[in-house]
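Structure first, commentary second.
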Amino acid sequence: MNLDRREFFRRGSALAGAAVLPFDAPRSARARSRDGLVRLASNENPYGPSPRARDAMVEHWEEASRYGASALNELRDAIAVAEKVPQDHVLVTQGSIEGLCATAAALCKDGGEFVHASPTYESMHGYAERLGATLVPVPLDGGLAHDLPAMAAKVGARTRVVFVCNPNNPSGTIADGAALSSFCETVGEKALVFVDEAYRDFVDDPSHRSMVPLALAGPNVVVARTASKIHGMAGLRIGWLIAKPDRLARIRDFKMGFPNAMAARAVIASLGDQEYSAFCKGQNARARRILVGALDELGLRHAPSHTNFVFFHSKRDATQLRAAFEPLGFAIGRAFPPLTDWCRVSLGTPEEMTGFVTALRKVFA
Ligand SMILES: Cc1ncc(COP(=O)(O)O)c(C=O)c1O
């Protein structure tokens with residue numbers, strides 16, 4: 001077979017088996033966890049980077065010998081186009097985690113309070129706490145969404161950051177767009193509102209709103225985004241922040257490094273591949289219907305998911321449940337205190353979810 005390398009990458013997964021779909025998931029054992037389990041634990045995209053992104057890394061491999069300033073500048077410009085924001089309102093980071101932690105360092109290096117929902121994504125407030133900030137957790141409401149009025153009530157003179165993960169991880173819920181906008185406007189007068197929109201691309205609900213327009217309008221809103229989810233590049237470590245340039249300049253001072261040029265080339269290509277993003281979103285919705293249908297059948301309550309994972313009330317200890325799924329071939333999410341009898345399952349391919357549902361029925365028989 002006389003395939004050049006580019007063509008090999010383009011057709012790699014199709015060669016591994018009969019592909020019925022326009023795009024296929026990586027099939028190698030290495031794309032699963034080291035122990036061969038189907039990975040439903042870290043909210044990754046089972047389809048990986050788009051074929052165009054894979055091509056871009058091969059095409060630009062010689063840039064690996066340089067520090068990558070031009071690739072990173074081109075990436076910043078491509079993000080600005082995709083997000084419809086000026087270029088100087090974008091800061092590219094090593095995964096969005098670097099943006100979360102650099103912002104925590106800029107704001108909380110000498111203490112103060114950090115208000116966040118509970119449970120929510122923990123990287124930013126965990127880092128802030130290690131820097132000396134006092135955490136102010138606010139329980140999610142009865143529907144497992146952010147309780148914005150309760151959070152606003154906790155904001156005081158010592159508050160430095162208010163973290164809103166929208167959609168929220170681990171619950172998968174969204175905040176009402178109008179309510180969150182007015183929250184950002186009023187709370188933003190007293191403290192920085194940091195809105196993590198890692199899962200925004202999976203949302204269809206018209207009541208959801210991105211806070212990017214507010215990040216452009218006001219100095220006290222920062223939005224975080226990532227290439228790890230819909231773009232399928234969790235291992236390539238690219239994220240970005242959107243905020244006013246003077247705010248970004250203060251955050252930039254606390255960055256630890258800069259991303260690699262190959263990853264930048266891959267994300268530039270992926271941002272231009274809307275067909276692939278739509279494919280991943282559609283497959284995710286199919287996978288979600290399979291899981292949610294089975295949970296409903298089993299009478300297991302679940303939070304309304306707008307993401308690539310589903311949080312359900314297992315009524316069993318999450319750590320023990322995780323151990324029960326491993327022998328059946330599935331790695332699922334860890335415990336999310338204080339809701340330790342709830343369980344987060346990331347969505348794989350529809351085929352993987354069909355297999356998971358069989359395991360679910362066994363465990364809950
Ligand atoms: C809400 C949220 N923000 C940020 C991240 C980190 O993403 P990245 O891979 O961009 O560092 C995750 C990862 O799961 C997440 O769930």
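Convention: chains lettered A, B, ... in structure tokens order; per-chain residue numbering from 1; ligands numbered from 1 as shown.
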
Could you build a table of the residues in chain A lying no more than 9 Å from ligand 1, giving for each the nearest pair of atoms and their separation in Å rounded to one decimal place, using only C-alpha atoms and all ligand atoms, ordered by chain and ascending residue number, as JSON lines?
```
{"residue": "A:Ser42", "atom": "CA", "partner": "ligand 1", "partner_atom_place_in_ligand_line": "14 (O)", "distance": 6.0}
{"residue": "A:Asn43", "atom": "CA", "partner": "ligand 1", "partner_atom_place_in_ligand_line": "14 (O)", "distance": 5.9}
{"residue": "A:Glu44", "atom": "CA", "partner": "ligand 1", "partner_atom_place_in_ligand_line": "14 (O)", "distance": 7.6}
{"residue": "A:Thr93", "atom": "CA", "partner": "ligand 1", "partner_atom_place_in_ligand_line": "10 (O)", "distance": 8.5}
{"residue": "A:Gln94", "atom": "CA", "partner": "ligand 1", "partner_atom_place_in_ligand_line": "11 (O)", "distance": 7.0}
{"residue": "A:Gly95", "atom": "CA", "partner": "ligand 1", "partner_atom_place_in_ligand_line": "11 (O)", "distance": 3.6}
{"residue": "A:Ser96", "atom": "CA", "partner": "ligand 1", "partner_atom_place_in_ligand_line": "10 (O)", "distance": 3.6}
{"residue": "A:Ile97", "atom": "CA", "partner": "ligand 1", "partner_atom_place_in_ligand_line": "11 (O)", "distance": 3.8}
{"residue": "A:Glu98", "atom": "CA", "partner": "ligand 1", "partner_atom_place_in_ligand_line": "11 (O)", "distance": 6.7}
{"residue": "A:Gly99", "atom": "CA", "partner": "ligand 1", "partner_atom_place_in_ligand_line": "11 (O)", "distance": 8.2}
{"residue": "A:Leu100", "atom": "CA", "partner": "ligand 1", "partner_atom_place_in_ligand_line": "4 (C)", "distance": 7.7}
{"residue": "A:Thr120", "atom": "CA", "partner": "ligand 1", "partner_atom_place_in_ligand_line": "1 (C)", "distance": 7.7}
{"residue": "A:Tyr121", "atom": "CA", "partner": "ligand 1", "partner_atom_place_in_ligand_line": "1 (C)", "distance": 5.2}
{"residue": "A:Glu122", "atom": "CA", "partner": "ligand 1", "partner_atom_place_in_ligand_line": "1 (C)", "distance": 8.3}
{"residue": "A:Ser123", "atom": "CA", "partner": "ligand 1", "partner_atom_place_in_ligand_line": "4 (C)", "distance": 7.6}
{"residue": "A:Met124", "atom": "CA", "partner": "ligand 1", "partner_atom_place_in_ligand_line": "3 (N)", "distance": 8.7}
{"residue": "A:Cys165", "atom": "CA", "partner": "ligand 1", "partner_atom_place_in_ligand_line": "1 (C)", "distance": 5.8}
{"residue": "A:Asn166", "atom": "CA", "partner": "ligand 1", "partner_atom_place_in_ligand_line": "1 (C)", "distance": 7.7}
{"residue": "A:Pro167", "atom": "CA", "partner": "ligand 1", "partner_atom_place_in_ligand_line": "1 (C)", "distance": 7.6}
{"residue": "A:Asn168", "atom": "CA", "partner": "ligand 1", "partner_atom_place_in_ligand_line": "1 (C)", "distance": 6.5}
{"residue": "A:Asn169", "atom": "CA", "partner": "ligand 1", "partner_atom_place_in_ligand_line": "1 (C)", "distance": 5.3}
{"residue": "A:Pro170", "atom": "CA", "partner": "ligand 1", "partner_atom_place_in_ligand_line": "16 (O)", "distance": 7.6}
{"residue": "A:Asp196", "atom": "CA", "partner": "ligand 1", "partner_atom_place_in_ligand_line": "1 (C)", "distance": 5.9}
{"residue": "A:Glu197", "atom": "CA", "partner": "ligand 1", "partner_atom_place_in_ligand_line": "1 (C)", "distance": 6.8}
{"residue": "A:Ala198", "atom": "CA", "partner": "ligand 1", "partner_atom_place_in_ligand_line": "3 (N)", "distance": 5.2}
{"residue": "A:Tyr199", "atom": "CA", "partner": "ligand 1", "partner_atom_place_in_ligand_line": "1 (C)", "distance": 6.9}
{"residue": "A:Ala224", "atom": "CA", "partner": "ligand 1", "partner_atom_place_in_ligand_line": "3 (N)", "distance": 7.6}
{"residue": "A:Arg225", "atom": "CA", "partner": "ligand 1", "partner_atom_place_in_ligand_line": "10 (O)", "distance": 6.9}
{"residue": "A:Thr226", "atom": "CA", "partner": "ligand 1", "partner_atom_place_in_ligand_line": "10 (O)", "distance": 4.3}
{"residue": "A:Ala227", "atom": "CA", "partner": "ligand 1", "partner_atom_place_in_ligand_line": "10 (O)", "distance": 6.2}
{"residue": "A:Ser228", "atom": "CA", "partner": "ligand 1", "partner_atom_place_in_ligand_line": "9 (O)", "distance": 4.8}
{"residue": "A:Lys229", "atom": "CA", "partner": "ligand 1", "partner_atom_place_in_ligand_line": "9 (O)", "distance": 7.6}
{"residue": "A:Met233", "atom": "CA", "partner": "ligand 1", "partner_atom_place_in_ligand_line": "9 (O)", "distance": 7.9}
{"residue": "A:Ala234", "atom": "CA", "partner": "ligand 1", "partner_atom_place_in_ligand_line": "9 (O)", "distance": 5.0}
{"residue": "A:Gly235", "atom": "CA", "partner": "ligand 1", "partner_atom_place_in_ligand_line": "9 (O)", "distance": 7.6}
{"residue": "A:Leu236", "atom": "CA", "partner": "ligand 1", "partner_atom_place_in_ligand_line": "9 (O)", "distance": 8.3}
{"residue": "A:Arg237", "atom": "CA", "partner": "ligand 1", "partner_atom_place_in_ligand_line": "9 (O)", "distance": 5.9}
{"residue": "A:Ile238", "atom": "CA", "partner": "ligand 1", "partner_atom_place_in_ligand_line": "10 (O)", "distance": 6.1}
{"residue": "A:Gly239", "atom": "CA", "partner": "ligand 1", "partner_atom_place_in_ligand_line": "10 (O)", "distance": 4.9}
{"residue": "A:Trp240", "atom": "CA", "partner": "ligand 1", "partner_atom_place_in_ligand_line": "10 (O)", "distance": 8.1}
```

Tell me, counting only C-alpha atoms, for each residue of region 19-136 of chain A within 7 Å of region 242-266 of chain A, which pair of atoms is nearest and how far apart they are in Å to one decimal, in rows ordered by chain and increasing number, as a tab-separated table.
```
residue	atom	partner	partner_atom	distance
A:Ala53	CA	A:Ala266	CA	4.2
A:Arg54	CA	A:Ala266	CA	6.5
A:Ala56	CA	A:Ala266	CA	5.6
A:Met57	CA	A:Met262	CA	5.3
A:His60	CA	A:Met262	CA	6.9
A:Trp61	CA	A:Met262	CA	6.7
A:Glu63	CA	A:Ala261	CA	6.7
A:Ala64	CA	A:Ala261	CA	6.4
A:Gly68	CA	A:Ala261	CA	4.7
A:Ala71	CA	A:Ala261	CA	5.6
A:Leu72	CA	A:Ala264	CA	5.9
A:Leu75	CA	A:Ala264	CA	5.8
A:Asp88	CA	A:Pro245	CA	5.8
A:His89	CA	A:Ala243	CA	5.2
A:Val90	CA	A:Ile242	CA	4.9
A:Leu91	CA	A:Ile242	CA	6.6
A:Thr93	CA	A:Phe258	CA	6.4
A:Gln94	CA	A:Pro259	CA	5.0
A:Glu98	CA	A:Lys255	CA	6.8
A:Ala102	CA	A:Phe254	CA	4.9
A:Thr103	CA	A:Ile251	CA	5.3
A:Ala105	CA	A:Phe254	CA	6.5
A:Ala106	CA	A:Ile251	CA	5.7
```

Distance query Lys362 (chain A) at most 10 Å, only C-alpha atoms, self and fewer than 5 positions along chain excluded, as a compact mmCIF listing (two decimals) with C-alpha atoms, in the first residue's frame:
```txt
# COMPACT_ATOMS: atom_id res chain seq x y z
CA PHE A 325 -17.65 -0.90 36.93
CA LEU A 328 -17.02 -4.80 33.57
CA PHE A 356 -22.03 0.76 29.30
CA VAL A 357 -25.81 0.56 29.63
```

Inset, instruction - Might you pull out every residue within 12 Å of Arg158 (chain A), with only C-alpha atoms counted and same-chain residues fewer than 4 positions away left off, and present them as an MDAnalysis selection string? - result: chainID A and resid 107:108 110:115 133:136 154 162 190:192

Selection above as a file: C-alpha atoms, as a short mmCIF file (atom, residue, chain, number, x, y, z; two decimals), in the first residue's frame:
```
data_model
loop_
_atom_site.label_atom_id
_atom_site.label_comp_id
_atom_site.auth_asym_id
_atom_site.auth_seq_id
_atom_site.Cartn_x
_atom_site.Cartn_y
_atom_site.Cartn_z
CA LEU A 107 -5.96 37.62 42.30
CA CYS A 108 -5.40 35.45 45.38
CA ASP A 110 -2.06 37.36 49.12
CA GLY A 111 -5.30 35.81 50.35
CA GLY A 112 -8.86 37.07 50.11
CA GLU A 113 -11.99 35.02 49.57
CA PHE A 114 -12.93 32.81 46.63
CA VAL A 115 -16.65 32.10 46.12
CA ALA A 133 -7.32 32.22 49.81
CA THR A 134 -10.32 31.34 51.98
CA LEU A 135 -12.88 29.28 50.10
CA VAL A 136 -16.57 30.16 50.31
CA LYS A 154 -21.65 35.71 49.83
CA VAL A 162 -16.36 34.33 42.00
CA LYS A 190 -17.18 44.01 43.66
CA ALA A 191 -15.02 41.08 42.47
CA LEU A 192 -13.78 39.27 39.40
#
```

Inset, instruction - Write out as number ranges by chain the residues lying within 9 Å of Pro304 (chain A), counting only C-alpha atoms and excluding same-chain residues fewer than 6 positions away. - result: A: 143-144, 171-174, 310-311

Go ahead and save the residues from that selection, with N, CA and C atoms, as a PDB file, in the first residue's frame.
```
ATOM      1  N   GLY A 143     -32.006  21.830  41.680  1.00  0.00           N
ATOM      2  CA  GLY A 143     -31.879  21.245  40.340  1.00  0.00           C
ATOM      3  C   GLY A 143     -30.417  21.024  39.965  1.00  0.00           C
ATOM      4  N   LEU A 144     -29.525  21.163  40.944  1.00  0.00           N
ATOM      5  CA  LEU A 144     -28.072  21.027  40.763  1.00  0.00           C
ATOM      6  C   LEU A 144     -27.489  22.051  39.788  1.00  0.00           C
ATOM      7  N   SER A 171     -22.141  18.593  37.432  1.00  0.00           N
ATOM      8  CA  SER A 171     -23.592  18.364  37.318  1.00  0.00           C
ATOM      9  C   SER A 171     -24.098  18.443  35.881  1.00  0.00           C
ATOM     10  N   GLY A 172     -23.375  19.145  34.995  1.00  0.00           N
ATOM     11  CA  GLY A 172     -23.794  19.247  33.592  1.00  0.00           C
ATOM     12  C   GLY A 172     -24.903  20.263  33.365  1.00  0.00           C
ATOM     13  N   THR A 173     -25.272  20.997  34.417  1.00  0.00           N
ATOM     14  CA  THR A 173     -26.383  21.957  34.326  1.00  0.00           C
ATOM     15  C   THR A 173     -25.890  23.309  33.812  1.00  0.00           C
ATOM     16  N   ILE A 174     -26.868  24.118  33.345  1.00  0.00           N
ATOM     17  CA  ILE A 174     -26.525  25.474  32.883  1.00  0.00           C
ATOM     18  C   ILE A 174     -27.222  26.508  33.761  1.00  0.00           C
ATOM     19  N   VAL A 310     -22.902  12.857  32.221  1.00  0.00           N
ATOM     20  CA  VAL A 310     -24.204  12.852  32.903  1.00  0.00           C
ATOM     21  C   VAL A 310     -23.948  12.531  34.377  1.00  0.00           C
ATOM     22  N   PHE A 311     -24.612  13.282  35.256  1.00  0.00           N
ATOM     23  CA  PHE A 311     -24.453  13.125  36.705  1.00  0.00           C
ATOM     24  C   PHE A 311     -25.754  12.526  37.230  1.00  0.00           C
TER      25      PHE A 311
END
```

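Candidate residues A:Tyr47, A:Gly132, A:Leu40, A:Val203 were compared for distance to Arg322 (chain A), and the nearest is A:Leu40, using only C-alpha atoms.
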
Inset, instruction - Write out as a PyMOL selection string all residues of region 33-145 of chain A that backbone DSSP assigns to strand (DSSP E). - result: chain A and resi 38-40+90-93+113-118+134-139

Inset, instruction - Enter the distance from CA of Pro137 (chain A) to CA of Ala150 (chain A), in Å, rounded to one decimal. - result: 10.2 Å

Inset, instruction - Please indicate the distance in Å from CA of Leu298 (chain A) to CA of Pro338 (chain A), rounded to one decimal place. - result: 23.7 Å

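Between Gly355 (chain A) and the residues A:Ala104, A:Ala294, A:Ala41, A:Met211, the shortest atom-to-atom distance, using only C-alpha atoms, involves A:Ala294.
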
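Of the residues under consideration (A:Ala179, A:Ile230, A:Gly293, A:Pro119), A:Pro119 shows the shortest atom-to-atom contact distance to Ala335 (chain A) when counting only C-alpha atoms.
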
Legend entry - Residue nearest Val81 (chain A) among A:Val58, A:Leu241, A:Val193, A:Ile268 (counting only C-alpha atoms): A:Ile268

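The nearest approach to Ser118 (chain A) among the residues A:Pro327, A:Pro337, A:Gly177, A:Pro350, with only C-alpha atoms taken into account, belongs to A:Pro337.
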
Legend entry - Sel. of alpha helix (DSSP H) residues, region 121-164 of chain A, as number ranges by chain: A: 123-130, 148-153

Inset, instruction - Find, counting only C-alpha atoms, the residue in A:Ser346, A:His231, A:Arg316, A:Pro139 that gets nearest to Gly272 (chain A). - result: A:His231
